[in-house]
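Source file: entry19.cif; contents: mmCIF, C-alpha atoms.
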```cif
data_target
#
loop_
_atom_site.label_atom_id
_atom_site.label_comp_id
_atom_site.auth_asym_id
_atom_site.auth_seq_id
_atom_site.Cartn_x
_atom_site.Cartn_y
_atom_site.Cartn_z
CA MET A 1 1.71 13.89 33.23
CA THR A 2 3.39 11.44 30.86
CA LEU A 3 3.19 11.80 27.10
CA PRO A 4 0.87 8.76 26.70
CA ASN A 5 -1.49 10.20 29.33
CA ARG A 6 -1.46 13.59 27.65
CA ASP A 7 -2.20 11.80 24.37
CA ALA A 8 -5.13 9.95 25.93
CA ALA A 9 -6.65 13.24 27.03
CA VAL A 10 -6.75 14.82 23.57
CA ILE A 11 -6.05 12.36 20.70
CA TRP A 12 -8.26 10.00 18.67
CA HIS A 13 -6.05 7.36 16.98
CA PRO A 14 -6.73 5.58 13.66
CA PHE A 15 -8.08 2.01 13.58
CA THR A 16 -8.21 2.05 17.38
CA GLN A 17 -11.03 1.29 19.80
CA MET A 18 -10.18 4.09 22.19
CA HIS A 19 -12.26 2.63 25.03
CA THR A 20 -10.21 -0.56 25.34
CA ALA A 21 -6.85 0.30 23.76
CA PRO A 22 -3.78 0.49 25.99
CA LEU A 23 -1.88 3.76 26.18
CA PRO A 24 0.19 4.36 23.03
CA ILE A 25 3.95 3.87 23.04
CA PRO A 26 5.68 7.27 23.04
CA ILE A 27 8.33 7.33 20.29
CA SER A 28 11.03 9.98 20.63
CA ARG A 29 13.20 9.31 17.58
CA GLY A 30 14.00 6.94 14.74
CA GLU A 31 17.19 5.78 13.07
CA GLY A 32 17.35 3.36 10.18
CA SER A 33 15.05 0.42 10.86
CA LEU A 34 14.82 1.27 14.56
CA LEU A 35 12.36 3.34 16.56
CA PHE A 36 13.22 4.48 20.09
CA ASP A 37 10.73 5.28 22.83
CA VAL A 38 11.16 8.00 25.47
CA ASN A 39 12.83 5.46 27.78
CA GLY A 40 15.40 4.54 25.16
CA ARG A 41 13.94 1.14 24.31
CA SER A 42 14.29 0.19 20.65
CA TYR A 43 11.80 -1.44 18.30
CA LEU A 44 12.64 -3.06 14.97
CA ASP A 45 10.18 -1.57 12.47
CA MET A 46 9.41 -4.58 10.28
CA ILE A 47 6.36 -2.97 8.65
CA SER A 48 7.99 0.30 7.58
CA SER A 49 5.51 2.20 9.76
CA TRP A 50 2.44 1.34 7.69
CA TRP A 51 4.49 0.55 4.57
CA VAL A 52 5.69 4.11 3.95
CA ASN A 53 9.33 4.05 5.01
CA LEU A 54 11.67 2.89 2.25
CA HIS A 55 15.11 3.96 3.42
CA GLY A 56 14.93 4.07 7.21
CA HIS A 57 13.79 6.63 9.73
CA ALA A 58 15.30 10.12 9.83
CA HIS A 59 17.41 9.48 6.74
CA PRO A 60 20.01 12.28 6.64
CA TYR A 61 19.97 12.71 2.86
CA ILE A 62 16.20 13.17 2.69
CA ALA A 63 16.28 15.43 5.75
CA GLU A 64 18.91 17.65 4.15
CA ARG A 65 17.01 17.93 0.85
CA VAL A 66 13.80 18.88 2.67
CA SER A 67 15.70 21.36 4.84
CA GLN A 68 17.17 23.01 1.76
CA GLN A 69 13.75 23.27 0.14
CA LEU A 70 12.23 24.68 3.34
CA ARG A 71 14.59 27.64 3.13
CA ILE A 72 13.59 28.32 -0.50
CA LEU A 73 9.86 27.67 -0.87
CA GLU A 74 7.58 25.83 1.57
CA HIS A 75 4.35 25.97 -0.44
CA VAL A 76 2.55 27.75 -3.25
CA ILE A 77 -0.92 27.34 -4.74
CA PHE A 78 -0.69 24.85 -7.61
CA ALA A 79 -3.54 26.26 -9.71
CA GLY A 80 -1.96 28.70 -12.14
CA PHE A 81 1.50 28.32 -10.57
CA THR A 82 4.26 25.71 -10.65
CA HIS A 83 7.67 25.10 -9.12
CA GLU A 84 10.86 23.18 -9.83
CA PRO A 85 10.43 20.23 -7.42
CA ALA A 86 6.98 19.35 -8.80
CA VAL A 87 8.10 19.50 -12.43
CA GLU A 88 11.33 17.60 -11.78
CA LEU A 89 9.50 14.89 -9.83
CA ALA A 90 7.02 14.35 -12.68
CA GLU A 91 9.88 14.31 -15.19
CA ARG A 92 11.67 11.64 -13.17
CA LEU A 93 8.63 9.55 -12.25
CA LEU A 94 7.18 9.06 -15.71
CA PRO A 95 10.26 7.35 -17.23
CA ILE A 96 10.30 4.66 -14.51
CA LEU A 97 6.56 3.93 -14.80
CA PRO A 98 4.98 1.80 -17.55
CA ALA A 99 5.73 3.46 -20.87
CA ASN A 100 2.14 4.57 -21.57
CA GLN A 101 1.96 6.89 -18.54
CA ARG A 102 2.18 10.51 -19.68
CA ARG A 103 0.72 12.90 -17.08
CA VAL A 104 1.07 13.39 -13.32
CA PHE A 105 -1.69 14.74 -11.09
CA TYR A 106 -0.69 15.49 -7.49
CA SER A 107 -2.80 14.97 -4.38
CA ASP A 108 -1.87 14.22 -0.78
CA ASN A 109 -2.28 10.52 0.12
CA GLY A 110 -3.20 7.09 -1.20
CA SER A 111 -6.95 7.42 -0.74
CA THR A 112 -7.05 10.70 -2.62
CA ALA A 113 -4.85 9.27 -5.38
CA VAL A 114 -7.55 6.62 -5.84
CA GLU A 115 -10.34 9.20 -5.65
CA VAL A 116 -8.64 11.16 -8.42
CA ALA A 117 -8.28 8.06 -10.59
CA LEU A 118 -11.96 7.19 -10.19
CA LYS A 119 -13.04 10.74 -10.98
CA MET A 120 -10.78 10.79 -14.02
CA ALA A 121 -12.27 7.50 -15.21
CA PHE A 122 -15.90 8.53 -14.73
CA GLN A 123 -15.38 11.97 -16.23
CA TYR A 124 -13.40 10.56 -19.14
CA TRP A 125 -16.51 8.71 -20.30
CA HIS A 126 -18.69 11.75 -19.57
CA ASN A 127 -16.40 14.05 -21.54
CA ILE A 128 -16.37 11.85 -24.64
CA GLY A 129 -20.16 11.59 -24.56
CA GLN A 130 -20.31 7.88 -23.70
CA PRO A 131 -21.12 7.80 -19.98
CA ARG A 132 -20.28 4.56 -18.22
CA ARG A 133 -21.01 3.97 -14.55
CA ARG A 134 -19.97 0.42 -13.68
CA VAL A 135 -16.75 -0.41 -11.87
CA ILE A 136 -15.28 -3.86 -11.34
CA ALA A 137 -12.95 -4.55 -8.42
CA LEU A 138 -11.60 -7.55 -6.52
CA GLU A 139 -13.18 -8.97 -3.39
CA GLY A 140 -11.30 -8.10 -0.24
CA ALA A 141 -9.62 -5.10 -1.86
CA TYR A 142 -8.53 -2.07 0.11
CA HIS A 143 -8.11 1.22 -1.74
CA GLY A 144 -8.45 3.72 1.11
CA ASP A 145 -10.94 5.22 3.52
CA THR A 146 -12.50 8.12 1.63
CA PHE A 147 -15.91 7.41 0.11
CA GLY A 148 -14.89 6.64 -3.45
CA ALA A 149 -11.99 4.51 -2.26
CA MET A 150 -14.26 2.68 0.20
CA SER A 151 -16.79 2.07 -2.57
CA VAL A 152 -14.29 0.14 -4.69
CA GLY A 153 -12.87 -1.70 -1.69
CA GLY A 154 -14.21 -4.96 -0.36
CA ARG A 155 -17.28 -4.65 1.82
CA SER A 156 -16.37 -5.41 5.44
CA ALA A 157 -16.90 -4.38 9.04
CA PHE A 158 -14.75 -1.35 8.30
CA SER A 159 -17.13 0.03 5.70
CA ALA A 160 -20.41 -1.37 7.08
CA PRO A 161 -21.59 1.89 8.75
CA PHE A 162 -21.21 3.68 5.42
CA ALA A 163 -22.69 1.01 3.14
CA PRO A 164 -25.84 3.03 2.27
CA PHE A 165 -23.66 5.86 0.97
CA LEU A 166 -21.28 3.86 -1.23
CA PHE A 167 -21.80 3.39 -4.96
CA ASP A 168 -22.34 -0.14 -6.24
CA VAL A 169 -19.40 -2.14 -7.56
CA ASP A 170 -19.21 -5.58 -9.19
CA TYR A 171 -16.62 -7.84 -7.59
CA LEU A 172 -14.46 -10.65 -8.87
CA PRO A 173 -12.92 -13.15 -6.45
CA VAL A 174 -9.19 -12.70 -6.02
CA PRO A 175 -7.56 -14.99 -8.64
CA VAL A 176 -5.34 -16.85 -6.20
CA PRO A 177 -3.78 -20.11 -7.39
CA GLY A 178 -6.46 -22.73 -7.93
CA GLN A 179 -9.25 -20.19 -8.44
CA GLU A 180 -8.27 -18.85 -11.84
CA SER A 181 -10.87 -20.72 -13.91
CA THR A 182 -13.70 -19.68 -11.58
CA VAL A 183 -12.61 -16.05 -11.75
CA LEU A 184 -12.29 -16.09 -15.53
CA ALA A 185 -15.75 -17.59 -15.95
CA LEU A 186 -17.29 -14.85 -13.82
CA ALA A 187 -15.24 -12.19 -15.57
CA GLU A 188 -16.76 -13.27 -18.89
CA THR A 189 -20.18 -12.30 -17.55
CA LEU A 190 -19.13 -9.07 -15.78
CA PHE A 191 -16.93 -7.32 -18.33
CA ALA A 192 -19.16 -5.53 -20.83
CA ASP A 193 -19.24 -2.28 -22.78
CA ASP A 194 -20.79 -0.36 -19.88
CA VAL A 195 -17.82 -0.84 -17.52
CA ALA A 196 -16.03 2.43 -16.81
CA ALA A 197 -13.03 0.99 -14.97
CA PHE A 198 -11.39 -2.13 -13.57
CA ILE A 199 -9.37 -1.32 -10.45
CA VAL A 200 -6.86 -3.66 -8.78
CA GLU A 201 -3.99 -3.77 -6.34
CA PRO A 202 -1.66 -5.56 -8.77
CA LEU A 203 -0.31 -8.91 -7.53
CA VAL A 204 -0.63 -8.15 -3.79
CA GLN A 205 -3.72 -7.09 -1.85
CA GLY A 206 -2.21 -5.32 1.13
CA ALA A 207 -4.69 -4.60 3.91
CA GLY A 208 -6.86 -7.48 2.67
CA GLY A 209 -4.29 -9.87 4.12
CA MET A 210 -1.26 -9.68 1.82
CA VAL A 211 -3.11 -11.88 -0.66
CA MET A 212 -0.89 -12.68 -3.65
CA TYR A 213 -1.73 -13.83 -7.16
CA ALA A 214 0.12 -14.32 -10.42
CA PRO A 215 0.77 -11.72 -13.13
CA GLU A 216 -0.45 -14.11 -15.84
CA ILE A 217 -4.04 -14.20 -14.55
CA LEU A 218 -4.06 -10.44 -14.01
CA ASN A 219 -2.85 -9.92 -17.57
CA THR A 220 -5.77 -12.02 -18.80
CA LEU A 221 -8.32 -10.13 -16.71
CA MET A 222 -6.93 -6.76 -17.78
CA GLU A 223 -7.01 -7.85 -21.42
CA MET A 224 -10.66 -8.88 -21.05
CA ALA A 225 -11.50 -5.52 -19.52
CA ARG A 226 -9.62 -3.58 -22.17
CA LYS A 227 -11.41 -5.42 -24.99
CA GLN A 228 -14.61 -3.92 -23.61
CA GLY A 229 -13.01 -0.47 -23.50
CA ALA A 230 -12.80 -0.24 -19.69
CA LEU A 231 -10.06 1.89 -18.22
CA LEU A 232 -7.52 -0.04 -16.12
CA ILE A 233 -6.54 1.42 -12.74
CA ALA A 234 -3.49 0.05 -10.90
CA ASP A 235 -3.49 1.01 -7.23
CA GLU A 236 0.24 0.78 -6.48
CA VAL A 237 0.09 2.79 -3.27
CA MET A 238 1.56 -0.17 -1.39
CA THR A 239 3.21 -2.20 -4.17
CA GLY A 240 5.12 0.70 -5.73
CA PHE A 241 8.75 1.73 -5.33
CA GLY A 242 10.39 -1.67 -5.16
CA ARG A 243 8.23 -3.56 -2.68
CA THR A 244 7.55 -6.46 -5.06
CA GLY A 245 11.15 -6.75 -6.25
CA LYS A 246 10.57 -4.61 -9.34
CA LEU A 247 10.11 -0.84 -9.19
CA PHE A 248 6.37 -1.32 -9.70
CA ALA A 249 4.18 -4.40 -9.69
CA SER A 250 2.90 -3.32 -13.12
CA HIS A 251 6.35 -4.09 -14.49
CA TYR A 252 5.49 -7.79 -14.10
CA LEU A 253 2.60 -7.30 -16.54
CA THR A 254 2.38 -7.17 -20.32
CA ILE A 255 -0.96 -5.32 -20.21
CA GLN A 256 -0.35 -1.85 -18.79
CA PRO A 257 -2.80 0.28 -16.76
CA ASP A 258 -4.39 3.48 -18.03
CA LEU A 259 -4.16 5.10 -14.62
CA MET A 260 -1.86 4.50 -11.64
CA CYS A 261 -2.17 5.53 -7.99
CA LEU A 262 0.97 6.15 -5.93
CA SER A 263 1.71 7.32 -2.39
CA LYS A 264 3.24 5.73 0.77
CA GLY A 265 6.86 5.12 -0.30
CA LEU A 266 6.75 8.03 -2.75
CA THR A 267 8.39 10.39 -0.23
CA GLY A 268 10.35 7.64 1.49
CA GLY A 269 7.87 7.90 4.34
CA THR A 270 8.86 11.48 5.14
CA MET A 271 5.54 13.24 4.57
CA ALA A 272 2.22 12.99 2.78
CA LEU A 273 2.02 13.08 -1.02
CA GLY A 274 -0.16 11.32 -3.56
CA VAL A 275 0.16 10.91 -7.31
CA THR A 276 -2.27 9.77 -9.99
CA THR A 277 -0.78 9.23 -13.43
CA CYS A 278 -2.62 8.61 -16.69
CA THR A 279 -2.18 8.03 -20.39
CA GLU A 280 -2.30 10.74 -23.02
CA THR A 281 -5.67 9.38 -24.15
CA VAL A 282 -7.23 9.96 -20.76
CA TYR A 283 -5.63 13.40 -20.44
CA ASP A 284 -6.75 14.49 -23.92
CA ALA A 285 -10.40 13.82 -23.04
CA PHE A 286 -10.26 16.77 -20.65
CA LEU A 287 -8.84 19.23 -23.19
CA SER A 288 -11.56 21.46 -24.54
CA ASP A 289 -12.62 25.04 -25.15
CA SER A 290 -15.39 24.27 -22.69
CA ALA A 291 -14.59 24.82 -19.02
CA TYR A 292 -17.14 22.12 -18.17
CA LYS A 293 -14.70 19.40 -19.27
CA THR A 294 -12.13 20.50 -16.67
CA LEU A 295 -11.12 18.05 -13.96
CA PHE A 296 -12.48 20.00 -10.99
CA HIS A 297 -10.36 18.43 -8.30
CA GLY A 298 -7.59 19.74 -6.08
CA HIS A 299 -6.14 19.93 -2.59
CA SER A 300 -4.70 22.81 -0.61
CA PHE A 301 -1.34 21.05 -0.41
CA THR A 302 -1.29 19.73 -3.98
CA ALA A 303 2.33 19.30 -5.15
CA ASN A 304 3.71 20.66 -1.88
CA PRO A 305 7.35 21.60 -2.61
CA LEU A 306 8.65 19.99 0.59
CA ALA A 307 6.95 16.69 -0.20
CA CYS A 308 8.21 16.83 -3.78
CA ALA A 309 11.75 17.50 -2.52
CA ALA A 310 11.48 14.50 -0.19
CA SER A 311 10.28 12.37 -3.11
CA LEU A 312 13.18 13.44 -5.30
CA ALA A 313 15.62 12.53 -2.54
CA SER A 314 13.87 9.19 -2.03
CA LEU A 315 14.10 8.47 -5.76
CA ASP A 316 17.85 9.18 -5.68
CA LEU A 317 18.22 6.59 -2.95
CA LEU A 318 15.79 4.08 -4.48
CA LEU A 319 17.48 4.04 -7.87
CA SER A 320 20.97 3.70 -6.43
CA ALA A 321 22.82 0.44 -6.95
CA GLU A 322 23.08 0.02 -3.17
CA THR A 323 19.32 0.14 -2.58
CA GLN A 324 18.54 -2.08 -5.55
CA ALA A 325 20.99 -4.63 -4.19
CA SER A 326 19.37 -4.37 -0.74
CA ILE A 327 15.94 -5.06 -2.22
CA GLN A 328 17.23 -8.26 -3.80
CA ARG A 329 19.12 -9.18 -0.62
CA ILE A 330 16.00 -8.83 1.54
CA ALA A 331 13.96 -10.79 -0.99
CA ALA A 332 16.53 -13.60 -0.92
CA ARG A 333 16.57 -13.68 2.90
CA HIS A 334 12.77 -13.79 2.94
CA GLU A 335 12.79 -16.69 0.49
CA LEU A 336 15.07 -18.70 2.77
CA PHE A 337 13.01 -17.93 5.85
CA ALA A 338 9.83 -18.86 3.95
CA ASP A 339 11.24 -22.37 3.59
CA THR A 340 11.66 -22.53 7.38
CA LEU A 341 8.14 -21.26 8.00
CA LYS A 342 6.64 -23.89 5.71
CA LYS A 343 7.87 -26.56 8.12
CA CYS A 344 6.10 -24.98 11.14
CA GLN A 345 2.91 -26.58 12.43
CA ALA A 346 1.23 -23.29 13.38
CA VAL A 347 1.86 -21.73 9.96
CA GLU A 348 0.11 -22.09 6.61
CA ASN A 349 -0.16 -20.32 3.27
CA VAL A 350 3.38 -18.92 3.23
CA ARG A 351 3.75 -16.45 0.38
CA GLN A 352 6.42 -14.04 -0.77
CA LEU A 353 7.02 -11.47 -3.49
CA GLY A 354 10.08 -9.25 -3.37
CA THR A 355 10.47 -7.68 0.07
CA ILE A 356 6.98 -8.79 1.17
CA LEU A 357 6.75 -12.03 3.11
CA ALA A 358 3.41 -13.11 4.60
CA PHE A 359 1.91 -16.20 6.20
CA ASP A 360 -1.16 -17.25 8.16
CA LEU A 361 -1.01 -18.19 11.82
CA LYS A 362 -3.30 -21.08 12.69
CA VAL A 363 -4.55 -22.11 16.10
CA ALA A 364 -7.34 -24.63 16.64
CA GLY A 365 -10.64 -22.95 17.38
CA GLU A 366 -9.47 -19.48 16.36
CA SER A 367 -10.97 -17.60 13.43
CA SER A 368 -8.94 -16.05 10.65
CA SER A 369 -10.83 -12.74 10.64
CA TYR A 370 -9.28 -9.34 11.30
CA PHE A 371 -10.75 -9.51 14.81
CA SER A 372 -9.15 -12.85 15.63
CA SER A 373 -7.63 -13.04 19.12
CA ILE A 374 -4.46 -14.38 17.47
CA ARG A 375 -3.86 -10.86 16.24
CA ASP A 376 -3.50 -9.33 19.71
CA LEU A 377 -1.48 -12.26 21.03
CA ALA A 378 0.97 -12.05 18.13
CA TYR A 379 1.22 -8.26 18.18
CA ASN A 380 1.91 -8.08 21.91
CA TYR A 381 4.33 -11.04 21.93
CA LEU A 382 6.46 -9.44 19.21
CA LEU A 383 6.24 -5.91 20.61
CA ASP A 384 7.28 -7.10 24.07
CA ARG A 385 10.44 -8.44 22.41
CA GLY A 386 11.19 -5.25 20.51
CA VAL A 387 9.81 -6.18 17.08
CA LEU A 388 7.07 -4.01 15.56
CA MET A 389 4.73 -5.98 13.33
CA ARG A 390 1.02 -5.33 12.88
CA PRO A 391 -0.86 -8.56 12.05
CA LEU A 392 -3.85 -8.39 9.73
CA GLY A 393 -6.04 -10.70 11.78
CA ASN A 394 -4.16 -13.99 11.71
CA VAL A 395 -1.90 -12.83 8.86
CA LEU A 396 1.62 -11.89 9.88
CA TYR A 397 3.90 -10.20 7.39
CA PHE A 398 7.31 -8.61 6.91
CA LEU A 399 7.64 -5.41 4.89
CA PRO A 400 10.87 -3.85 6.18
CA PRO A 401 12.78 -0.71 5.15
CA TYR A 402 15.44 -1.42 2.55
CA CYS A 403 18.23 -0.40 4.95
CA THR A 404 17.38 -3.33 7.26
CA THR A 405 20.52 -5.38 7.91
CA ASP A 406 20.83 -9.16 7.76
CA GLU A 407 21.36 -9.16 11.51
CA GLN A 408 18.15 -7.23 12.08
CA LEU A 409 16.24 -9.57 9.79
CA GLU A 410 17.60 -12.57 11.68
CA GLU A 411 16.54 -11.01 14.97
CA ALA A 412 13.02 -10.52 13.64
CA TYR A 413 12.89 -14.01 12.13
CA GLU A 414 13.99 -15.61 15.40
CA THR A 415 11.41 -13.64 17.35
CA VAL A 416 8.69 -14.74 14.97
CA LEU A 417 9.80 -18.36 15.30
CA GLY A 418 9.45 -17.95 19.08
CA LEU A 419 5.88 -16.78 18.54
CA VAL A 420 5.15 -19.70 16.20
CA HIS A 421 6.51 -22.14 18.78
CA LYS A 422 4.28 -20.59 21.44
CA LEU A 423 1.24 -21.01 19.19
CA THR A 424 2.24 -24.61 18.45
CA LEU A 425 2.21 -25.73 22.09
CA PRO A 426 -1.61 -25.85 22.46
CA LEU A 427 -1.81 -27.80 19.22
CA LEU A 428 0.69 -30.35 20.50
CA SER A 429 -1.22 -30.65 23.79
CA SER A 430 -4.47 -31.33 21.95
CA TYR A 431 -2.74 -33.89 19.78
CA ILE A 432 -1.29 -35.70 22.79
CA ALA A 433 -4.66 -35.66 24.60
CA GLU A 434 -6.29 -37.36 21.65
#
```
Show me this structure written as structure tokens.
Amino acid sequence: MTLPNRDAAVIWHPFTQMHTAPLPIPISRGEGSLLFDVNGRSYLDMISSWWVNLHGHAHPYIAERVSQQLRILEHVIFAGFTHEPAVELAERLLPILPANQRRVFYSDNGSTAVEVALKMAFQYWHNIGQPRRRVIALEGAYHGDTFGAMSVGGRSAFSAPFAPFLFDVDYLPVPVPGQESTVLALAETLFADDVAAFIVEPLVQGAGGMVMYAPEILNTLMEMARKQGALLIADEVMTGFGRTGKLFASHYLTIQPDLMCLSKGLTGGTMALGVTTCTETVYDAFLSDSAYKTLFHGHSFTANPLACAASLASLDLLLSAETQASIQRIAARHELFADTLKKCQAVENVRQLGTILAFDLKVAGESSSYFSSIRDLAYNYLLDRGVLMRPLGNVLYFLPPYCTTDEQLEEAYETVLGLVHKLTLPLLSSYIAE
């Protein structure tokens, strides 16, 4: 029995309708920006395998650091104990974050990093004797799939079965260009002294469709929230570690968050690890002679030494001059290709920030929802030609590893242009018929 058939007999895959999905592609190994299946066919990974892979697959430096750690200490309970990789990672993370971040709390993925931030925010107000219960978020947001993270995400088909169990949130429209005044007017009515937290994916909403907006409007919204005392939460699970051209999207802002959520690229895509950081003010609210003010939250694999070792290796690579130059090189190549895309009939709303390039595919009569048939057409067209991209409905995007070469980018760009041409043909036929 083949590996895909064995998989089909025992596995339930994420975000997959198992009744209609084709058999999964069996991947045997990875190298740099390439994945190889069991038959030796290669795929250009232009989405960093769900945005986690910073430096390429099976990076030898990260592998060696994890291997070394595995021979020393694989795991230890993190309540009452500590270890060198966890302390060193916190010591190295804090100086590259916004200057007000002072403490690191470890968890194990992006959703739990958000859960921790929300619990910190709610309990902060409880601990200081001024309970606040309202949260403000942006429409169309995605913060994860656990219940707290779903609650502050945009309501959609993904969360519909769980709607009765989610806590209420007030939403602002995403302040995309042209909508700023509308958003500010609504914000004036929503931000008040009972708001516990304002949570955002700064500058880029990832799973919501790579929606981008300007730092100036986010600064204004964050300033409005802070004037009412609300805690500011920056979910940088996707935008962190260089994706936007700066180390963190928050570095584009003058107003800095009180709490930050990190994961995905934290370990360079090697293994699961989550981080929630906070200011000294937030941390101090939990210090007390009373045990009841403790943050009662933890995970079995909190601060796993192997994951921390991978993160330290990833940071070495990320902060190197070579990687920083690659980030700017990819951003520059994206900017040039964006100009080409803007001239294409089947493309609209081209947008780019750092190494993220996104655009909407348009076909007459097709919807722009996540369930649009354009999604499957585009995904299969690209995959058949050896390029792995995972459209968000009709939104196609590039988010490649930083090791991706110019030649690999050109290959992906050309393949995408072939797709765009294919989508243009029906439009041209309709135009001629008219």
Residue among A:Ser48, A:Gln352, A:Thr302, A:Thr415 lying closest to Ile77 in chain A, counting all atoms listed in the file: A:Thr302
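Once the PyMOL selection byres ((chain A and resi 236) around 10) is applied to the shown structure, the selection contains Gly110, Ala113, Val114, His143, Val200, Glu201, Pro202, Leu203, Val204, Gln205, Ile233, Ala234, Asp235, Val237, Met238, Thr239, Gly240, Phe241, Arg243, Phe248, Ala249, Ser250, Met260, Cys261, Leu262, Ser263, Lys264 and Thr276 of chain A.
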Residues within 7 Å of range 211-225 of chain A, only C-alpha atoms, excluding chain neighbours under 4 positions, as a ChimeraX atom specification: /A:175-177,180,191,198,203-206,229-230,232,252-255
A:Ser151, A:Gly140, A:Phe286, A:Ala412 ranked by distance to Ala163 in chain A, top pick (using only C-alpha atoms):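 Between A:Ser151, A:Gly140, A:Phe286, A:Ala412, the residue approaching Ala163 in chain A most closely is A:Ser151.
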Test item: the PyMOL selection byres ((chain A and resi 385) around 10) resolved as a count of residues only: 15
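We find CA of Gly269 in chain A and CA of Arg6 in chain A to be spaced 25.7 Å apart.
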Å distance separating CA of Ala364 in chain A from CA of His421 in chain A, one decimal place: 14.2 Å
Among the residues A:Asn39, A:Gln123, A:Thr355, A:Ser49, the one that comes closest to Ala285 in chain A [using all atoms listed in the file]: A:Gln123
Counting only C-alpha atoms, the residue of A:Val195, A:Ile374, A:Cys403, A:Met120 that sits nearest Gly268 in chain A: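 Among the listed residues, A:Cys403 lies closest to Gly268 in chain A.
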Emit as lines of an AutoDock Vina configuration file the padded axis-aligned box for all listed atoms of range 273-288 of chain A, 8 Å per side, with centre and edge lengths in Å to one decimal.
```
center_x = -4.8
center_y = 14.7
center_z = -12.8
size_x = 29.6
size_y = 29.4
size_z = 39.5
```
